[in-house]
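Participant: Pasting a structure below so you can have a look.
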Amino acid sequence: MWIPLLVTAGLACAAATTLVKQPRIAGGYEAGKGQFPWLVSLQATNFQEGWHLCGASLLTPEWVLIAAHCLDSEKPEWLWVVSGEHDTTVEEGTEQYLLIDYFVKHPEFIYWETPYRNDIALIHLSTPAILDEYTNVAPMPQHAMDLAGSCREAGWGAMHEGGGSSNTVHWADVPLLSSSTCEAAYNSIHDPKALCAGNLQGGVGSCMGDNGGGLLCMDPERGSPVIGGVMSWREGCAKPNMPAIYMKVADYLDWIHSTISIPEY
């Protein structure tokens, strides 16, 4: 059975850091504080405390990139975005609690269709982020590009099947796979705007609580990391032969730029 997860996929060290093969979000390596300054947590909140729902990427001080399904059945007044977050159980003094005034789902996203297509959205912050060592904007692709090799994902997702979300950010490197690999794994039709990635041996990669975050890959022309994908869905938690599906960010640049240029939605 296809099961969408609330997950953050992955980002990487600093923008200048090279990608290295390592295991894993599910049971994996804890990130250093501030290692992913553009990784933010979308949380349900009563404005005294929050509960992690999805990861996301800070694009500008006022805009956040996320998977559209993370916003299903939600209202802006029920949510906030937390940047500068590392350990969700500790007030570390680096967090910024950013209020939301509206969000915009891709117009061709249909929440009841599976597998998801066009699963991408933008959140507008009524409280702009203040950029510093622990809160910064994500490195974005400048144009369409073909990605290959290893990418990095990170988040607060569960570290094993059936487990609760991690209190701290963990990360993993996962290989990009051919689209036919994911199509065969899930008996699904080809989606030209999707990326397929994951360790086919299992035990490595995104899990529940990681959806919405950015998959950090290398720009083959510039040799620097960019957010290549937004984590959308996978079956189970880093299961063997069940890779993850990401929305290909470069294919949505026109929509992202046109939406961000609108002062009010």
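Numbering starts fresh at 1 for the residues of each chain in the structure tokens, the chains themselves are lettered A, B, ... in the order given, and ligands are numbered from 1 as they appear.
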For region 174-191 of chain A, list every protein, DNA or RNA residue within 6 Å, evaluated using only C-alpha atoms, and leave out those in the same chain fewer than 4 positions away; present the list as a list in words.
Facilitator: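 Neighbouring residues, sequence-local ones excluded: Ala148, Gly149, Ser150, Cys151, Cys196, Ala197, Gly198 and Asn199 of chain A.
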Participant: DSSP on the backbone, strand (DSSP E or B) only: what residues of region 24-167 of chain A does that give? Format it as an MDAnalysis selection string.
Facilitator: chainID A and resid 29:30 39:45 50:60 63:66 79:83 87 96:105 121:125 150:155 158 165
Participant: I need the residue nearest Pro139 (chain A) from this list: A:Gln43, A:Ser83, A:Thr60, A:Thr88. Use only C-alpha atoms for the distance.
Facilitator: A:Thr60
Participant: Determine, counting only C-alpha atoms, which protein, DNA and RNA residues have an atom within 6 Å of an atom of region 66-73 of chain A; residues of the same chain fewer than 2 positions away are not included. Present the result as an NGL selection string.
Facilitator: :A and (56 or 105 or 119-121 or 212)
Participant: Could you pull the residues within 10 Å of Tyr102 (chain A), counting only C-alpha atoms, minus those fewer than 6 positions along the same chain, as a PyMOL selection string?
Facilitator: chain A and resi 75-77+122-126+264-265
Participant: Restricting it to N, CA, C and O atoms, dump the selection as a compact mmCIF listing (two decimals), in the first residue's frame.
Facilitator:
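Just written: selection16.txt:
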# COMPACT_ATOMS: atom_id res chain seq x y z
N LYS A 75 -4.51 25.33 8.30
CA LYS A 75 -4.77 26.75 8.11
C LYS A 75 -3.57 27.53 8.62
O LYS A 75 -2.92 27.11 9.59
N PRO A 76 -3.24 28.66 7.99
CA PRO A 76 -2.07 29.42 8.42
C PRO A 76 -2.07 29.76 9.91
O PRO A 76 -1.01 29.75 10.55
N GLU A 77 -3.24 30.05 10.45
CA GLU A 77 -3.31 30.46 11.86
C GLU A 77 -3.07 29.30 12.82
O GLU A 77 -2.93 29.52 14.03
N LEU A 122 4.42 26.96 -1.56
CA LEU A 122 5.18 28.06 -0.98
C LEU A 122 4.41 28.64 0.20
O LEU A 122 3.19 28.82 0.13
N ILE A 123 5.12 28.91 1.27
CA ILE A 123 4.55 29.53 2.47
C ILE A 123 5.07 30.96 2.54
O ILE A 123 6.28 31.20 2.42
N HIS A 124 4.16 31.90 2.76
CA HIS A 124 4.56 33.29 2.96
C HIS A 124 4.53 33.61 4.45
O HIS A 124 3.55 33.36 5.14
N LEU A 125 5.63 34.15 4.93
CA LEU A 125 5.78 34.46 6.35
C LEU A 125 5.38 35.89 6.63
O LEU A 125 5.88 36.82 6.00
N SER A 126 4.49 36.08 7.59
CA SER A 126 4.17 37.44 8.03
C SER A 126 5.24 37.97 8.97
O SER A 126 5.36 39.19 9.17
N GLU A 264 0.84 40.02 -2.89
CA GLU A 264 -0.25 39.53 -2.04
C GLU A 264 -1.01 38.49 -2.82
O GLU A 264 -1.27 38.65 -4.01
N TYR A 265 -1.37 37.39 -2.16
CA TYR A 265 -2.08 36.31 -2.86
C TYR A 265 -3.56 36.36 -2.54
O TYR A 265 -3.94 36.55 -1.40
Participant: Considering only C-alpha atoms, return as a PDB file with C-alpha atoms, in the first residue's frame whatever protein or nucleic-acid residues lie within 8 Å of Pro220 (chain A), sequence-local ones (same chain, fewer than 2 positions apart) excluded.
Facilitator:
ATOM      1  CA  MET A 145      19.556  20.822 -15.124  1.00  0.00           C
ATOM      2  CA  ASP A 146      20.204  17.098 -15.155  1.00  0.00           C
ATOM      3  CA  LEU A 147      21.261  15.833 -11.745  1.00  0.00           C
ATOM      4  CA  MET A 218      25.438  19.080  -6.882  1.00  0.00           C
ATOM      5  CA  ARG A 222      28.892  25.177 -11.109  1.00  0.00           C
ATOM      6  CA  GLY A 223      30.076  22.366  -8.849  1.00  0.00           C
ATOM      7  CA  SER A 224      28.140  23.704  -5.878  1.00  0.00           C
TER       8      SER A 224
END
Participant: Do you have the CA of Trp233 (chain A)-CA of Asp210 (chain A) distance handy?
Facilitator: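 Result for CA of Trp233 (chain A) versus CA of Asp210 (chain A): 9.4 Å, one decimal.
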Participant: May I have all residues of region 20-246 of chain A that DSSP, computed from the backbone, assigns to alpha helix (DSSP H), given as a PDB file with all heavy atoms, in the first residue's frame?
Facilitator:
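Saved the output as result_29.pdb:
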ATOM      1  N   SER A 179      14.446   7.204 -13.134  1.00  0.00           N
ATOM      2  CA  SER A 179      13.005   7.304 -12.884  1.00  0.00           C
ATOM      3  C   SER A 179      12.333   5.942 -13.025  1.00  0.00           C
ATOM      4  O   SER A 179      11.351   5.647 -12.321  1.00  0.00           O
ATOM      5  CB  SER A 179      12.372   8.312 -13.843  1.00  0.00           C
ATOM      6  OG  SER A 179      12.597   7.933 -15.192  1.00  0.00           O
ATOM      7  N   SER A 180      12.876   5.089 -13.897  1.00  0.00           N
ATOM      8  CA  SER A 180      12.274   3.770 -14.093  1.00  0.00           C
ATOM      9  C   SER A 180      12.374   2.908 -12.835  1.00  0.00           C
ATOM     10  O   SER A 180      11.547   2.015 -12.622  1.00  0.00           O
ATOM     11  CB  SER A 180      12.933   3.056 -15.268  1.00  0.00           C
ATOM     12  OG  SER A 180      14.328   2.876 -15.045  1.00  0.00           O
ATOM     13  N   THR A 181      13.380   3.181 -11.987  1.00  0.00           N
ATOM     14  CA  THR A 181      13.519   2.423 -10.737  1.00  0.00           C
ATOM     15  C   THR A 181      12.327   2.676  -9.823  1.00  0.00           C
ATOM     16  O   THR A 181      11.748   1.744  -9.251  1.00  0.00           O
ATOM     17  CB  THR A 181      14.827   2.792 -10.027  1.00  0.00           C
ATOM     18  OG1 THR A 181      15.932   2.523 -10.893  1.00  0.00           O
ATOM     19  CG2 THR A 181      14.991   2.002  -8.733  1.00  0.00           C
ATOM     20  N   CYS A 182      11.939   3.936  -9.658  1.00  0.00           N
ATOM     21  CA  CYS A 182      10.783   4.256  -8.822  1.00  0.00           C
ATOM     22  C   CYS A 182       9.483   3.795  -9.483  1.00  0.00           C
ATOM     23  O   CYS A 182       8.562   3.324  -8.798  1.00  0.00           O
ATOM     24  CB  CYS A 182      10.731   5.755  -8.540  1.00  0.00           C
ATOM     25  SG  CYS A 182      11.835   6.276  -7.200  1.00  0.00           S
ATOM     26  N   GLU A 183       9.403   3.920 -10.797  1.00  0.00           N
ATOM     27  CA  GLU A 183       8.189   3.487 -11.495  1.00  0.00           C
ATOM     28  C   GLU A 183       7.975   1.986 -11.321  1.00  0.00           C
ATOM     29  O   GLU A 183       6.843   1.531 -11.103  1.00  0.00           O
ATOM     30  CB  GLU A 183       8.289   3.865 -12.964  1.00  0.00           C
ATOM     31  CG  GLU A 183       8.203   5.373 -13.191  1.00  0.00           C
ATOM     32  CD  GLU A 183       8.878   5.817 -14.479  1.00  0.00           C
ATOM     33  OE1 GLU A 183       9.072   4.968 -15.375  1.00  0.00           O
ATOM     34  OE2 GLU A 183       9.239   7.008 -14.576  1.00  0.00           O
ATOM     35  N   ALA A 184       9.071   1.217 -11.387  1.00  0.00           N
ATOM     36  CA  ALA A 184       8.956  -0.224 -11.198  1.00  0.00           C
ATOM     37  C   ALA A 184       8.633  -0.566  -9.745  1.00  0.00           C
ATOM     38  O   ALA A 184       7.831  -1.463  -9.465  1.00  0.00           O
ATOM     39  CB  ALA A 184      10.258  -0.910 -11.617  1.00  0.00           C
ATOM     40  N   ALA A 185       9.242   0.165  -8.804  1.00  0.00           N
ATOM     41  CA  ALA A 185       9.027  -0.122  -7.380  1.00  0.00           C
ATOM     42  C   ALA A 185       7.572   0.087  -6.976  1.00  0.00           C
ATOM     43  O   ALA A 185       7.034  -0.655  -6.151  1.00  0.00           O
ATOM     44  CB  ALA A 185       9.946   0.750  -6.527  1.00  0.00           C
ATOM     45  N   TYR A 186       6.932   1.106  -7.559  1.00  0.00           N
ATOM     46  CA  TYR A 186       5.580   1.462  -7.145  1.00  0.00           C
ATOM     47  C   TYR A 186       4.528   1.220  -8.235  1.00  0.00           C
ATOM     48  O   TYR A 186       3.369   1.617  -8.063  1.00  0.00           O
ATOM     49  CB  TYR A 186       5.546   2.926  -6.704  1.00  0.00           C
ATOM     50  CG  TYR A 186       6.442   3.189  -5.518  1.00  0.00           C
ATOM     51  CD1 TYR A 186       7.585   3.970  -5.637  1.00  0.00           C
ATOM     52  CD2 TYR A 186       6.163   2.627  -4.285  1.00  0.00           C
ATOM     53  CE1 TYR A 186       8.417   4.202  -4.548  1.00  0.00           C
ATOM     54  CE2 TYR A 186       6.992   2.847  -3.195  1.00  0.00           C
ATOM     55  CZ  TYR A 186       8.112   3.635  -3.333  1.00  0.00           C
ATOM     56  OH  TYR A 186       8.938   3.855  -2.256  1.00  0.00           O
TER      57      TYR A 186
END
Participant: Hey, can you check how far CA of Lys193 (chain A) sits from CA of Gly229 (chain A)?
Facilitator: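 According to the coordinates, CA of Lys193 (chain A) and CA of Gly229 (chain A) are separated by 9.6 Å.
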Participant: Given the choices A:Trp255, A:Trp156, A:Phe109, A:Phe36, which gets closest to Glu133 (chain A) if the distance is worked out from only C-alpha atoms?
Facilitator: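 Closest residue, counting only C-alpha atoms: A:Phe36.
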Participant: Of the candidates A:Val169, A:Leu53, A:Ala244, A:Leu216, which shows the shortest atom-to-atom distance to Gly202 (chain A), using only C-alpha atoms?
Facilitator: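 Once distances to Gly202 (chain A) are computed over only C-alpha atoms, the minimum belongs to A:Ala244.
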Participant: If you measure from CA of Thr45 (chain A) to CA of Trp63 (chain A), what distance in Å do you get, rounded to one decimal?
Facilitator: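 Spanning CA of Thr45 (chain A) to CA of Trp63 (chain A) is a straight-line distance of 19.1 Å.
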Participant: Would you list the contacts of Gly228 (chain A) as number ranges by chain, taking every protein, DNA or RNA residue within 10 Å and counting only C-alpha atoms, but skipping same-chain residues closer than 5 positions in sequence?
Facilitator: A: 10-11, 139-141, 144-147, 151-152, 195, 214-219, 246-251
Participant: Go ahead and write the selection's residues with N, CA, C and O atoms as an mmCIF file, in the first residue's frame.
Facilitator:
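Saved result, result-v7.cif, follows:
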data_model
loop_
_atom_site.group_PDB
_atom_site.id
_atom_site.type_symbol
_atom_site.label_atom_id
_atom_site.label_comp_id
_atom_site.auth_asym_id
_atom_site.auth_seq_id
_atom_site.Cartn_x
_atom_site.Cartn_y
_atom_site.Cartn_z
ATOM 1 N N GLY A 10 16.332 16.078 2.439
ATOM 2 C CA GLY A 10 17.513 16.613 2.722
ATOM 3 C C GLY A 10 18.350 17.639 2.175
ATOM 4 O O GLY A 10 18.465 17.811 1.053
ATOM 5 N N LEU A 11 18.957 18.216 3.008
ATOM 6 C CA LEU A 11 19.776 19.379 2.757
ATOM 7 C C LEU A 11 21.217 19.005 2.969
ATOM 8 O O LEU A 11 21.527 17.860 3.117
ATOM 9 N N PRO A 139 20.415 27.285 -1.138
ATOM 10 C CA PRO A 139 21.005 27.462 -2.471
ATOM 11 C C PRO A 139 20.075 26.856 -3.520
ATOM 12 O O PRO A 139 19.772 25.671 -3.481
ATOM 13 N N MET A 140 19.603 27.678 -4.435
ATOM 14 C CA MET A 140 18.601 27.233 -5.408
ATOM 15 C C MET A 140 19.208 27.086 -6.802
ATOM 16 O O MET A 140 20.121 27.825 -7.176
ATOM 17 N N PRO A 141 18.689 26.151 -7.601
ATOM 18 C CA PRO A 141 19.134 26.064 -8.998
ATOM 19 C C PRO A 141 18.725 27.319 -9.756
ATOM 20 O O PRO A 141 17.718 27.954 -9.431
ATOM 21 N N ALA A 144 16.986 24.834 -15.474
ATOM 22 C CA ALA A 144 16.796 23.393 -15.580
ATOM 23 C C ALA A 144 18.153 22.704 -15.708
ATOM 24 O O ALA A 144 19.063 23.226 -16.356
ATOM 25 N N MET A 145 18.287 21.543 -15.081
ATOM 26 C CA MET A 145 19.556 20.822 -15.124
ATOM 27 C C MET A 145 19.313 19.349 -14.887
ATOM 28 O O MET A 145 18.322 18.948 -14.268
ATOM 29 N N ASP A 146 20.234 18.539 -15.401
ATOM 30 C CA ASP A 146 20.204 17.098 -15.155
ATOM 31 C C ASP A 146 21.094 16.804 -13.955
ATOM 32 O O ASP A 146 22.267 17.182 -13.931
ATOM 33 N N LEU A 147 20.529 16.144 -12.966
ATOM 34 C CA LEU A 147 21.261 15.833 -11.745
ATOM 35 C C LEU A 147 21.653 14.365 -11.741
ATOM 36 O O LEU A 147 20.945 13.511 -12.284
ATOM 37 N N CYS A 151 23.072 12.712 -3.438
ATOM 38 C CA CYS A 151 22.474 13.917 -2.871
ATOM 39 C C CYS A 151 22.340 13.724 -1.368
ATOM 40 O O CYS A 151 22.507 12.623 -0.847
ATOM 41 N N ARG A 152 22.024 14.788 -0.679
ATOM 42 C CA ARG A 152 21.948 14.741 0.781
ATOM 43 C C ARG A 152 20.579 15.187 1.259
ATOM 44 O O ARG A 152 19.997 16.135 0.749
ATOM 45 N N LEU A 195 12.003 13.302 -9.099
ATOM 46 C CA LEU A 195 13.299 12.658 -8.931
ATOM 47 C C LEU A 195 13.116 11.409 -8.083
ATOM 48 O O LEU A 195 12.281 11.380 -7.175
ATOM 49 N N GLY A 214 14.258 19.726 1.569
ATOM 50 C CA GLY A 214 14.963 19.798 0.301
ATOM 51 C C GLY A 214 16.050 18.747 0.152
ATOM 52 O O GLY A 214 16.781 18.462 1.090
ATOM 53 N N LEU A 215 16.132 18.159 -1.035
ATOM 54 C CA LEU A 215 17.194 17.217 -1.383
ATOM 55 C C LEU A 215 18.333 18.009 -1.981
ATOM 56 O O LEU A 215 18.192 18.621 -3.039
ATOM 57 N N LEU A 216 19.479 18.019 -1.322
ATOM 58 C CA LEU A 216 20.606 18.832 -1.750
ATOM 59 C C LEU A 216 21.496 18.029 -2.683
ATOM 60 O O LEU A 216 22.020 16.988 -2.304
ATOM 61 N N CYS A 217 21.657 18.512 -3.906
ATOM 62 C CA CYS A 217 22.431 17.827 -4.942
ATOM 63 C C CYS A 217 23.479 18.786 -5.506
ATOM 64 O O CYS A 217 23.428 19.987 -5.264
ATOM 65 N N MET A 218 24.407 18.241 -6.289
ATOM 66 C CA MET A 218 25.438 19.080 -6.882
ATOM 67 C C MET A 218 24.985 19.625 -8.230
ATOM 68 O O MET A 218 24.492 18.880 -9.081
ATOM 69 N N ASP A 219 25.148 20.922 -8.431
ATOM 70 C CA ASP A 219 24.956 21.553 -9.735
ATOM 71 C C ASP A 219 26.120 21.100 -10.613
ATOM 72 O O ASP A 219 27.277 21.424 -10.317
ATOM 73 N N TYR A 246 10.799 12.748 -5.057
ATOM 74 C CA TYR A 246 10.977 14.175 -4.793
ATOM 75 C C TYR A 246 10.468 14.962 -5.995
ATOM 76 O O TYR A 246 10.613 14.530 -7.138
ATOM 77 N N MET A 247 9.910 16.128 -5.761
ATOM 78 C CA MET A 247 9.558 17.027 -6.849
ATOM 79 C C MET A 247 10.818 17.756 -7.308
ATOM 80 O O MET A 247 11.574 18.286 -6.491
ATOM 81 N N LYS A 248 11.056 17.771 -8.611
ATOM 82 C CA LYS A 248 12.279 18.351 -9.183
ATOM 83 C C LYS A 248 12.162 19.879 -9.182
ATOM 84 O O LYS A 248 11.436 20.469 -9.978
ATOM 85 N N VAL A 249 12.913 20.528 -8.305
ATOM 86 C CA VAL A 249 12.764 21.975 -8.087
ATOM 87 C C VAL A 249 13.009 22.776 -9.358
ATOM 88 O O VAL A 249 12.283 23.737 -9.654
ATOM 89 N N ALA A 250 14.012 22.392 -10.152
ATOM 90 C CA ALA A 250 14.343 23.169 -11.349
ATOM 91 C C ALA A 250 13.171 23.249 -12.326
ATOM 92 O O ALA A 250 13.037 24.237 -13.057
ATOM 93 N N ASP A 251 12.312 22.237 -12.327
ATOM 94 C CA ASP A 251 11.166 22.243 -13.234
ATOM 95 C C ASP A 251 10.041 23.147 -12.751
ATOM 96 O O ASP A 251 9.052 23.344 -13.479
#
Participant: Skip Tyr97 (chain A) itself and residues of its chain fewer than 6 positions away, then list as an MDAnalysis selection string all residues within 8 Å of it, counting only C-alpha atoms.
Facilitator: chainID A and resid 80:83
Participant: Selection from above, N, CA, C and O atoms, as a short mmCIF file (atom, residue, chain, number, x, y, z; two decimals), in the first residue's frame, can you write it?
Facilitator:
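Saved the output as part_38.cif:
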data_model
loop_
_atom_site.label_atom_id
_atom_site.label_comp_id
_atom_site.auth_asym_id
_atom_site.auth_seq_id
_atom_site.Cartn_x
_atom_site.Cartn_y
_atom_site.Cartn_z
N TRP A 80 3.21 27.59 12.61
CA TRP A 80 4.34 28.50 12.48
C TRP A 80 5.52 27.74 11.88
O TRP A 80 5.51 26.51 11.81
N VAL A 81 6.48 28.49 11.41
CA VAL A 81 7.73 27.93 10.89
C VAL A 81 8.83 28.28 11.88
O VAL A 81 8.93 29.43 12.34
N VAL A 82 9.64 27.29 12.24
CA VAL A 82 10.74 27.53 13.16
C VAL A 82 12.05 27.36 12.42
O VAL A 82 12.36 26.28 11.90
N SER A 83 12.83 28.43 12.34
CA SER A 83 14.17 28.37 11.76
C SER A 83 15.19 28.34 12.90
O SER A 83 14.86 28.59 14.07
#
Participant: Smallest atom-to-atom distance to His143 (chain A): which of A:Gly93, A:Gly157, A:Asp254, A:Gly203, using only C-alpha atoms?
Facilitator: A:Asp254
